[in-house]
Amino acid sequence: MAYTISRHYLAAAAAGCALALSFAASAQAEVKLAFLVDNAPATVKAAEALAAAFHARNPDITIEVEARAAGGEGDNIVKTRLATGEMTDVFMYNAGSLFHALNPQQNMLDLTDEPYQSDIMDTFKAVVSENDRIYGAPFQTAMGGGVLYNRKIYAELGLEVPKTWAEFMKNNEAIKAKGGVAPVIQTFRDTWTSQLFVLGDFYNVLQAVPDFPEKYTANQIKYATTPAALRGFEHQAEVFNAGYLNEDFGSASYDDGLRMVSKGEGAHYPMLTFAIGNLFENYRDDIDNVGFFALPGDDAATNGLTAWMANGIYGYAQTEYPDEVKKFIAFVAGKEGCDTQTEAVGAIGPYMTKSCTLPDDVPPATKDLVAYFAEGGRNAPALEFLSPVKGPALEQITVEIGSGIRSPLDGAKLYDEDVRKQALQLGLPGWE
Amino acid sequence: MTTHGKKGLRRRFAAAYPSWFYLPAAVIFGVLFLFPTFASLFFSLTRWTLFQYSFIGLANFRQFFSEPFLVWGLVNTLIYAVVTSGSKVVLGMLLGILLTSNVMARGLLRAVVFFPVLVSTIGVGITFTMLMHPTNGLINDVIAAFGLKGPAWLTDPRFALLSVAFVDVWKGVGLATVIYIAGIVSIPAEYYEAAKMDGANALQRFWNVTLPLARPATVTVIILSLIGGLRSFDLIWAMTKGGPGFTTDVVASVIYKQYQAGFYGLSTTGNVVLFVLVAAIVVPLSFVLNRKEVEA
């Protein structure tokens with residue numbers, strides 16, 4: 001049995017703040033909307049550019065960008081603010097499994113009947129919908145999970161982009177033999193960066209086991225007992241055991257990783273391609289040194305990319321200004337919104353709006369990424385867009401495997417245990 | 001008649017202020033302490049998403065105790081609490097003796113020892129994370145100057161927890177020292193003179209005069225630092241976030257990560273468990289330590 005807690009009680013509990021906020025809001029003559037985004041520099045910059053461009057076209061509406069922590073800490077802030085009735089009018093959040101955990105039908109504005117929806121790709125609409133109603137529009141671009149690599153090192157050693165895991169390891173061996181450069185960069189100070197070997201390998205899992213997501217959601221298949229799914233965990237251990245990692249892998253941060261791969265201190269950095277935006281921001285002079293390829297699997301013939309959808313932009317159900325909020329979201333999702341973002345943070349990846357295009361002079365990594373989405377390219381969505389089951393401890397587990405503390409099989413078993421809690425919390429059938 | 005008598009007795013004791021005078025404090029206590037305590041007891045028995053909850057009995061407790069990282073967390077919590085508390089007692093006592101002697105610039109030195117207590121824990125954590133960086137941290141640079149290679153203090157599972165405990169001691173020993181200074185200063189000088197007359201050497205005077213008579217200070221330091229150690233979180237989170245992997249997880253960081261993951265019922269259960277754990281260790285300990293003091 002589930003009981004719904006009245007929002008009014010929660011609101012009453014936070015009465016002081018809520019009152020103060022509503023007084024402040026009602027005192028304004030022109031409309032002011034708050035827009036909550038994560039604090040990645042590229043995100044904030046894109047959001048601020050959108051806010052400025054929108055205000056220039058609609059002088060009576062001002063958008064104030066508010067930044068929050070990213071990752072687990074950010075999930076917490078978003079959930080708590082929704083639960084206490086203090087969410088901003090507009091907010092950015094993941095699509096897919098994390099989106100479903102926010103209880104969209106209760107918390108978000110219904111955007112199903114907005115005119116721009118026909119211009120949005122169906123693959124995106126699918127991951128921001130619940131019960132056939134659409135609650136989000138795309139913000140930022142689609143991403144790939146794979147390997148950022150240093151093209152200079154590849155050119156110097158005459159290496160080719162690997163299509164299989166064996167080729168990848170051979171390249172690593174050649175880079176190690178040359179010396180002075182870390183073949184594989186890992187940055188466990190920011191634990192989330194450790195998950196790519198597992199999460200970015202999902203395209204390959206799907207090639208071997210096409211019905212993995214459905215069975216996984218229904219508690220009928222496990223990482224530890226599915227060889228294709230276990231492979232990602234094994235790969236992570238292999239690069240550690242072969243001594244391919246940068247010396248400070250345990251203490252290096254995400255930003256260190258970007259510096260290393262762009263300046264040639266390391267050759268491969270498994271990462272999501274939204275990092276191109278941070279490269280554009282912090283290492284623009286070296287961005288042309290960085291290319292991208294999908295995490296290779298066992299078979300060169302089926303080589304393809306694990307793709308992440310764009311983030312969503314959502315309207316808060318209890319906003320005082322639903323019309324203005326919808327107007328802003330329409331702007332962000334439309335062609336003008338895409339162009340504003342490209343101008344602010346560079347061309348990071350393909351937009352989910354059909355009428356949006358990328359300029360010709362995109363960074364090489366973006367060009368490599370877009371090829372996987374173009375005609376003849378192969379890609380599949382990451383598991384988090386096909387199944388709501390995602391365990392919170394994966395990043396700690398992959399850090400342990402990647403530091404040689406835990407064996408891959410042991411780690412996969414632990415992760416299978418970890419996802420159970422999430423499944424129970426979501427009330428999925430087949431897990432009790 | 002008897003009830004009347006009792007009432008009269010109670011009134012005589014309680015009548016220092018009229019009842020309404022207690023009301024503000026009682027309301028604050030009820031709203032901010034009593035209500036949350038009982039609410040958390042209730043929510044520890046539910047699966048709770050903040051938007052809705054369902055009653056699941058003791059399932060959260062079963063889940064919490066079967067967490068694979070929890071056993072680690074418990075062991076680490078105990079190691080951390082005992083190591084930091086023990087070090088603070090020993091170092092605090094030694095520093096207390098030094099700083100009650102006629103050492104030069106005594107006031108300044110006392111201030112210097114106390115200074116880390118005043119600095120923000122997160123700031124201290126971030127600073128030491130930089131100092132302990134394996135390849136470009138100051139500590140390993142110094143070790144390298146002697147031709148040795150320092151370990152990865154915070155990312156090698158063998159050292160990580162003790163490295164954090166070391167920083168905790170550095171930051172907290174000032175408070176222990178101040179408590180010891182107060183305890184030692186209050187020991188009458190006659191005892192030392194008498195001991196000297198009897199021919200006791202320095203070590204004997206310490207063992208037979210200072211140590212037993214500074215017992216109240218020791219009890220205070222042990223209790224305070226043990227409670228602090230058992231519920232320690234901020235420093236560990238700032239320095240290792242429980243990592244690498246789960247190797248420096250303590251009970252509080254396990255709870256925090258569950259909260260972060262959105263398992264609100266489960267993390268509330270964790271807090272109830274932590275509350276019981278701290279009470280189960282500290283209440284008997286304080287009872288034993290205080291009783292011995294009376295006997296002595």
# chains A, B, ... in the order shown; residues from 1 in each chain; ligands from 1
>>> interface_residues(of="chain A", to="chain B", cutoff="10 Å", atoms="only C-alpha atoms", output="ChimeraX atom specification")
/A:1-7,10,71-77,79-80,82-84,101-103,106-107,188-191,247-252,391-403,405-406,414,417-418,421-422,424-427
>>> write_last_selection(atoms="C-alpha atoms", output="short mmCIF file (atom, residue, chain, number, x, y, z; two decimals), in the first residue's frame")
data_model
loop_
_atom_site.label_atom_id
_atom_site.label_comp_id
_atom_site.auth_asym_id
_atom_site.auth_seq_id
_atom_site.Cartn_x
_atom_site.Cartn_y
_atom_site.Cartn_z
CA MET A 1 0.00 0.00 0.00
CA ALA A 2 1.33 3.44 -0.85
CA TYR A 3 0.31 6.64 0.83
CA THR A 4 0.76 9.99 -0.78
CA ILE A 5 2.02 12.70 1.48
CA SER A 6 0.10 15.89 0.98
CA ARG A 7 2.31 18.57 -0.46
CA LEU A 10 5.48 19.40 3.37
CA GLY A 71 25.88 13.75 -10.11
CA GLY A 72 24.37 12.13 -7.02
CA GLU A 73 24.48 15.33 -5.02
CA GLY A 74 22.49 17.03 -7.77
CA ASP A 75 19.87 14.25 -7.85
CA ASN A 76 19.40 14.87 -4.18
CA ILE A 77 18.90 18.60 -4.58
CA LYS A 79 14.37 15.50 -5.49
CA THR A 80 14.39 17.44 -2.23
CA LEU A 82 10.48 18.93 -5.69
CA ALA A 83 9.34 17.25 -2.49
CA THR A 84 9.36 20.46 -0.47
CA ALA A 101 12.30 8.64 -10.52
CA LEU A 102 11.05 12.27 -10.30
CA ASN A 103 7.36 11.34 -10.48
CA GLN A 106 2.82 14.99 -10.33
CA ASN A 107 5.78 17.36 -10.68
CA PHE A 188 39.10 8.26 -9.65
CA ARG A 189 39.07 11.50 -7.65
CA ASP A 190 35.80 12.08 -9.52
CA THR A 191 34.39 8.61 -9.05
CA GLU A 247 50.44 7.00 -12.09
CA ASP A 248 48.04 9.23 -10.16
CA PHE A 249 44.85 7.51 -11.36
CA GLY A 250 43.51 7.36 -7.78
CA SER A 251 43.85 11.10 -7.12
CA ALA A 252 43.44 12.64 -10.57
CA GLY A 391 22.40 0.92 -9.00
CA PRO A 392 23.86 3.88 -7.14
CA ALA A 393 27.13 2.16 -6.12
CA LEU A 394 28.43 1.32 -9.60
CA GLU A 395 31.01 4.11 -9.50
CA GLN A 396 32.53 2.83 -6.26
CA ILE A 397 32.56 -0.71 -7.60
CA THR A 398 34.28 0.28 -10.83
CA VAL A 399 36.84 2.30 -8.85
CA GLU A 400 37.64 -0.85 -6.87
CA ILE A 401 37.94 -3.00 -9.98
CA GLY A 402 39.98 -0.33 -11.74
CA SER A 403 42.36 -0.07 -8.76
CA ILE A 405 41.01 -3.95 -5.05
CA ARG A 406 38.21 -6.23 -6.28
CA LEU A 414 28.09 -6.74 -5.95
CA GLU A 417 22.99 -6.78 -5.42
CA ASP A 418 23.13 -3.00 -5.57
CA LYS A 421 17.50 -1.71 -3.88
CA GLN A 422 16.69 0.62 -6.76
CA LEU A 424 12.49 -2.27 -4.86
CA GLN A 425 12.36 1.48 -4.37
CA LEU A 426 10.67 1.84 -7.77
CA GLY A 427 8.27 -0.98 -6.91
#
>>> closest_atom_pairs(of="range 59-105 of chain B", to="range 179-199 of chain B", cutoff="7 Å", atoms="only C-alpha atoms", output="tab-separated table")
residue	atom	partner	partner_atom	distance
B:Gly92	CA	B:Tyr180	CA	6.6
B:Met93	CA	B:Tyr180	CA	6.0
B:Gly96	CA	B:Ile181	CA	4.8
B:Thr100	CA	B:Ile181	CA	6.3
>>> write_last_selection(atoms="N, CA and C atoms", output="mmCIF file, in the first residue's frame")
data_model
loop_
_atom_site.group_PDB
_atom_site.id
_atom_site.type_symbol
_atom_site.label_atom_id
_atom_site.label_comp_id
_atom_site.auth_asym_id
_atom_site.auth_seq_id
_atom_site.Cartn_x
_atom_site.Cartn_y
_atom_site.Cartn_z
ATOM 1 N N GLY B 92 47.011 14.640 23.567
ATOM 2 C CA GLY B 92 46.432 15.748 24.319
ATOM 3 C C GLY B 92 47.049 15.843 25.705
ATOM 4 N N MET B 93 47.235 14.678 26.340
ATOM 5 C CA MET B 93 47.858 14.640 27.666
ATOM 6 C C MET B 93 49.294 15.166 27.611
ATOM 7 N N GLY B 96 49.286 18.778 26.892
ATOM 8 C CA GLY B 96 48.769 19.481 28.062
ATOM 9 C C GLY B 96 49.868 19.669 29.103
ATOM 10 N N THR B 100 51.531 23.317 30.242
ATOM 11 C CA THR B 100 51.339 23.843 31.588
ATOM 12 C C THR B 100 52.683 24.029 32.273
#
>>> residues_around(residues="Tyr80 in chain B", least_positions_apart="4", cutoff="10 Å", atoms="only C-alpha atoms", output="CSV table (one decimal) with N, CA and C atoms, in the first residue's frame")
chain,number,residue,atom,x,y,z
B,74,LEU,N,31.1,-0.6,9.5
B,74,LEU,CA,31.1,-0.7,10.9
B,74,LEU,C,32.5,-0.9,11.4
B,75,VAL,N,33.2,-1.8,10.8
B,75,VAL,CA,34.6,-2.0,11.2
B,75,VAL,C,35.4,-0.7,11.1
B,76,ASN,N,35.3,-0.1,10.0
B,76,ASN,CA,36.0,1.2,9.8
B,76,ASN,C,35.6,2.2,10.8
B,84,THR,N,41.4,7.6,16.6
B,84,THR,CA,41.4,9.0,16.8
B,84,THR,C,41.3,9.3,18.3
B,85,SER,N,40.4,8.6,19.0
B,85,SER,CA,40.1,8.9,20.4
B,85,SER,C,41.4,8.6,21.2
B,86,GLY,N,42.0,7.4,20.9
B,86,GLY,CA,43.2,7.0,21.7
B,86,GLY,C,44.3,8.0,21.4
B,161,LEU,N,42.4,5.1,5.3
B,161,LEU,CA,41.6,5.4,6.5
B,161,LEU,C,42.5,6.0,7.6
B,162,LEU,N,43.7,5.5,7.7
B,162,LEU,CA,44.6,6.0,8.8
B,162,LEU,C,45.1,7.4,8.4
B,164,VAL,N,43.3,9.7,6.9
B,164,VAL,CA,42.2,10.6,7.3
B,164,VAL,C,42.2,10.7,8.8
B,165,ALA,N,42.4,9.6,9.5
B,165,ALA,CA,42.4,9.6,11.0
B,165,ALA,C,43.5,10.5,11.5
B,166,PHE,N,44.6,10.5,10.8
B,166,PHE,CA,45.7,11.4,11.2
B,166,PHE,C,45.3,12.8,11.1
B,168,ASP,N,42.3,14.0,11.3
B,168,ASP,CA,41.3,14.2,12.3
B,168,ASP,C,42.0,14.5,13.6
B,226,LEU,N,35.3,10.0,21.2
B,226,LEU,CA,34.7,8.7,20.7
B,226,LEU,C,33.3,9.0,20.0
B,228,GLY,N,32.6,11.7,18.6
B,228,GLY,CA,33.0,12.4,17.4
B,228,GLY,C,33.4,11.4,16.3
B,229,GLY,N,34.2,10.4,16.8
B,229,GLY,CA,34.8,9.4,15.9
B,229,GLY,C,33.7,8.5,15.3
B,230,LEU,N,32.8,8.1,16.2
B,230,LEU,CA,31.7,7.2,15.7
B,230,LEU,C,30.8,7.8,14.7
B,231,ARG,N,30.5,9.1,14.8
B,231,ARG,CA,29.6,9.7,13.9
B,231,ARG,C,30.4,10.6,12.8
B,232,SER,N,31.7,10.4,12.7
B,232,SER,CA,32.5,11.2,11.8
B,232,SER,C,32.0,11.0,10.4
B,248,THR,N,37.1,3.3,2.8
B,248,THR,CA,37.1,4.2,3.9
B,248,THR,C,35.7,4.6,4.3
B,250,VAL,N,32.4,4.8,6.4
B,250,VAL,CA,32.0,4.6,7.7
B,250,VAL,C,30.5,4.5,7.7
>>> select_by_dssp(residues="range 184-329 of chain A", states="strand (DSSP E or B)", output="MDAnalysis selection string")
chainID A and resid 184 245 266:272 290:294 297 305:308 311:316
>>> select_by_dssp(residues="range 299-427 of chain A", states="alpha helix (DSSP H)", output="number ranges by chain")
A: 322-333, 335-345, 364-373, 394-402, 408-426
>>> residues_around(residues="range 196-213 of chain A", least_positions_apart="3", cutoff="7 Å", atoms="only C-alpha atoms", output="list in words")
Gly145, Gly146, Thr193, Tyr216, Thr217, Ala228, Ala229, Gly232, Phe233, His235, Gln236, Pro270, Met271, Leu295, Gly297, Gly304, Leu305, Thr306, Asn379, Ala380, Ala382, Leu383, Leu386 and Ser387 of chain A
>>> residues_around(residues="Gly291 in chain A", least_positions_apart="6", cutoff="10 Å", atoms="only C-alpha atoms", output="number ranges by chain")
A: 147-152, 154, 161, 261-262, 268, 276, 363-369
>>> write_last_selection(atoms="C-alpha atoms", output="short mmCIF file (atom, residue, chain, number, x, y, z; two decimals), in the first residue's frame")
data_model
loop_
_atom_site.label_atom_id
_atom_site.label_comp_id
_atom_site.auth_asym_id
_atom_site.auth_seq_id
_atom_site.Cartn_x
_atom_site.Cartn_y
_atom_site.Cartn_z
CA VAL A 147 37.12 6.87 -25.63
CA LEU A 148 38.58 10.32 -26.16
CA TYR A 149 42.03 9.81 -27.67
CA ASN A 150 45.01 11.98 -28.52
CA ARG A 151 45.32 12.15 -32.31
CA LYS A 152 48.91 13.43 -32.20
CA TYR A 154 48.14 8.14 -32.84
CA VAL A 161 41.38 3.65 -34.42
CA VAL A 261 44.29 13.68 -23.13
CA SER A 262 44.35 17.08 -24.85
CA HIS A 268 43.04 7.28 -24.14
CA ILE A 276 34.04 18.17 -25.60
CA PRO A 363 36.01 19.83 -33.40
CA PRO A 364 37.38 16.44 -34.61
CA ALA A 365 35.91 14.57 -31.63
CA THR A 366 32.44 15.89 -32.51
CA LYS A 367 32.96 14.87 -36.14
CA ASP A 368 33.91 11.35 -34.99
CA LEU A 369 30.84 11.24 -32.76
#
>>> atom_distance(atom1="CA of Val128 in chain A", atom2="CA of Gly312 in chain A")
7.2 Å
>>> closest_residue(among="B:Thr268, B:Ile255, B:Ile223, B:Thr121", to="Phe38 in chain B", atoms="only C-alpha atoms")
B:Thr268
>>> closest_residue(among="A:Leu279, A:Ile313, A:Ala40, A:Met260", to="Phe328 in chain A", atoms="only C-alpha atoms")
A:Ile313
>>> residues_around(residues="range 280-286 of chain B", least_positions_apart="2", cutoff="9 Å", atoms="only C-alpha atoms", output="PDB file with C-alpha atoms, in the first residue's frame")
ATOM      1  CA  VAL B 219      36.915  10.885  30.724  1.00  0.00           C
ATOM      2  CA  THR B 220      35.708  14.026  28.963  1.00  0.00           C
ATOM      3  CA  ILE B 223      33.713  10.477  25.529  1.00  0.00           C
ATOM      4  CA  LEU B 226      34.673   8.700  20.733  1.00  0.00           C
ATOM      5  CA  ILE B 227      31.282  10.181  19.922  1.00  0.00           C
ATOM      6  CA  PHE B 275      21.805   6.343  17.032  1.00  0.00           C
ATOM      7  CA  VAL B 276      21.434   2.995  18.793  1.00  0.00           C
ATOM      8  CA  LEU B 277      25.077   2.112  18.088  1.00  0.00           C
ATOM      9  CA  VAL B 278      26.449   5.356  19.516  1.00  0.00           C
ATOM     10  CA  VAL B 288      31.920   2.875  33.847  1.00  0.00           C
ATOM     11  CA  LEU B 289      34.346   5.764  33.555  1.00  0.00           C
ATOM     12  CA  ASN B 290      32.366   8.006  35.874  1.00  0.00           C
ATOM     13  CA  ARG B 291      31.844   5.292  38.487  1.00  0.00           C
TER      14      ARG B 291
END
>>> closest_residue(among="A:Phe373, A:Trp431, A:Phe280, A:Tyr314", to="Asn94 in chain A", atoms="only C-alpha atoms")
A:Tyr314
>>> decode(residues="range 55-88 of chain A", atoms="N, CA and C atoms", output="CSV table (one decimal), in the first residue's frame")
chain,number,residue,atom,x,y,z
A,55,HIS,N,15.7,36.6,-23.4
A,55,HIS,CA,15.3,37.9,-22.8
A,55,HIS,C,15.4,38.9,-23.9
A,56,ALA,N,16.4,38.8,-24.8
A,56,ALA,CA,16.5,39.8,-25.9
A,56,ALA,C,15.2,39.8,-26.8
A,57,ARG,N,14.7,38.6,-27.0
A,57,ARG,CA,13.5,38.5,-27.8
A,57,ARG,C,12.2,38.7,-27.0
A,58,ASN,N,12.2,38.5,-25.7
A,58,ASN,CA,11.1,38.7,-24.8
A,58,ASN,C,11.4,39.6,-23.6
A,59,PRO,N,11.5,40.9,-23.8
A,59,PRO,CA,12.1,41.7,-22.8
A,59,PRO,C,11.3,41.7,-21.4
A,60,ASP,N,10.0,41.3,-21.5
A,60,ASP,CA,9.3,41.2,-20.3
A,60,ASP,C,9.5,40.0,-19.4
A,61,ILE,N,10.3,39.0,-20.0
A,61,ILE,CA,10.6,37.8,-19.2
A,61,ILE,C,12.1,37.7,-19.0
A,62,THR,N,12.4,37.6,-17.7
A,62,THR,CA,13.8,37.4,-17.3
A,62,THR,C,14.1,36.0,-16.8
A,63,ILE,N,15.1,35.4,-17.3
A,63,ILE,CA,15.4,34.0,-16.9
A,63,ILE,C,16.7,34.1,-16.0
A,64,GLU,N,16.5,33.6,-14.7
A,64,GLU,CA,17.7,33.6,-13.9
A,64,GLU,C,18.2,32.2,-13.7
A,65,VAL,N,19.5,32.0,-14.2
A,65,VAL,CA,20.1,30.7,-14.1
A,65,VAL,C,20.6,30.4,-12.7
A,66,GLU,N,20.3,29.2,-12.2
A,66,GLU,CA,20.7,28.8,-10.9
A,66,GLU,C,21.5,27.5,-11.1
A,67,ALA,N,22.7,27.5,-10.5
A,67,ALA,CA,23.5,26.2,-10.7
A,67,ALA,C,23.4,25.4,-9.4
A,68,ARG,N,23.5,24.1,-9.7
A,68,ARG,CA,23.5,23.1,-8.6
A,68,ARG,C,24.6,22.1,-8.8
A,69,ALA,N,24.9,21.3,-7.8
A,69,ALA,CA,25.9,20.2,-8.0
A,69,ALA,C,25.4,19.2,-9.1
A,70,ALA,N,26.4,18.6,-9.7
A,70,ALA,CA,26.1,17.5,-10.7
A,70,ALA,C,26.1,16.2,-10.0
A,71,GLY,N,25.8,15.1,-10.7
A,71,GLY,CA,25.9,13.7,-10.1
A,71,GLY,C,24.9,13.5,-9.0
A,72,GLY,N,25.3,12.6,-8.1
A,72,GLY,CA,24.4,12.1,-7.0
A,72,GLY,C,23.9,13.3,-6.1
A,73,GLU,N,24.8,14.2,-5.9
A,73,GLU,CA,24.5,15.3,-5.0
A,73,GLU,C,23.4,16.2,-5.7
A,74,GLY,N,23.5,16.3,-7.0
A,74,GLY,CA,22.5,17.0,-7.8
A,74,GLY,C,21.1,16.3,-7.8
A,75,ASP,N,21.1,15.0,-7.9
A,75,ASP,CA,19.9,14.3,-7.8
A,75,ASP,C,19.1,14.6,-6.6
A,76,ASN,N,19.9,14.6,-5.5
A,76,ASN,CA,19.4,14.9,-4.2
A,76,ASN,C,18.7,16.2,-4.1
A,77,ILE,N,19.4,17.2,-4.6
A,77,ILE,CA,18.9,18.6,-4.6
A,77,ILE,C,17.6,18.7,-5.3
A,78,VAL,N,17.6,18.1,-6.5
A,78,VAL,CA,16.4,18.1,-7.4
A,78,VAL,C,15.2,17.5,-6.7
A,79,LYS,N,15.5,16.2,-6.1
A,79,LYS,CA,14.4,15.5,-5.5
A,79,LYS,C,13.9,16.2,-4.2
A,80,THR,N,14.8,16.8,-3.5
A,80,THR,CA,14.4,17.4,-2.2
A,80,THR,C,13.6,18.7,-2.5
A,81,ARG,N,14.0,19.4,-3.6
A,81,ARG,CA,13.3,20.7,-3.9
A,81,ARG,C,11.9,20.4,-4.4
A,82,LEU,N,11.8,19.3,-5.2
A,82,LEU,CA,10.5,18.9,-5.7
A,82,LEU,C,9.6,18.5,-4.5
A,83,ALA,N,10.1,17.8,-3.6
A,83,ALA,CA,9.3,17.3,-2.5
A,83,ALA,C,8.9,18.4,-1.5
A,84,THR,N,9.7,19.4,-1.4
A,84,THR,CA,9.4,20.5,-0.5
A,84,THR,C,8.6,21.6,-1.2
A,85,GLY,N,8.3,21.4,-2.5
A,85,GLY,CA,7.6,22.5,-3.2
A,85,GLY,C,8.4,23.7,-3.5
A,86,GLU,N,9.7,23.6,-3.6
A,86,GLU,CA,10.6,24.7,-3.8
A,86,GLU,C,11.4,24.6,-5.1
A,87,MET,N,10.8,23.9,-6.1
A,87,MET,CA,11.6,23.8,-7.3
A,87,MET,C,11.5,25.1,-8.1
A,88,THR,N,12.5,25.3,-9.0
A,88,THR,CA,12.5,26.5,-9.8
A,88,THR,C,11.4,26.3,-10.9
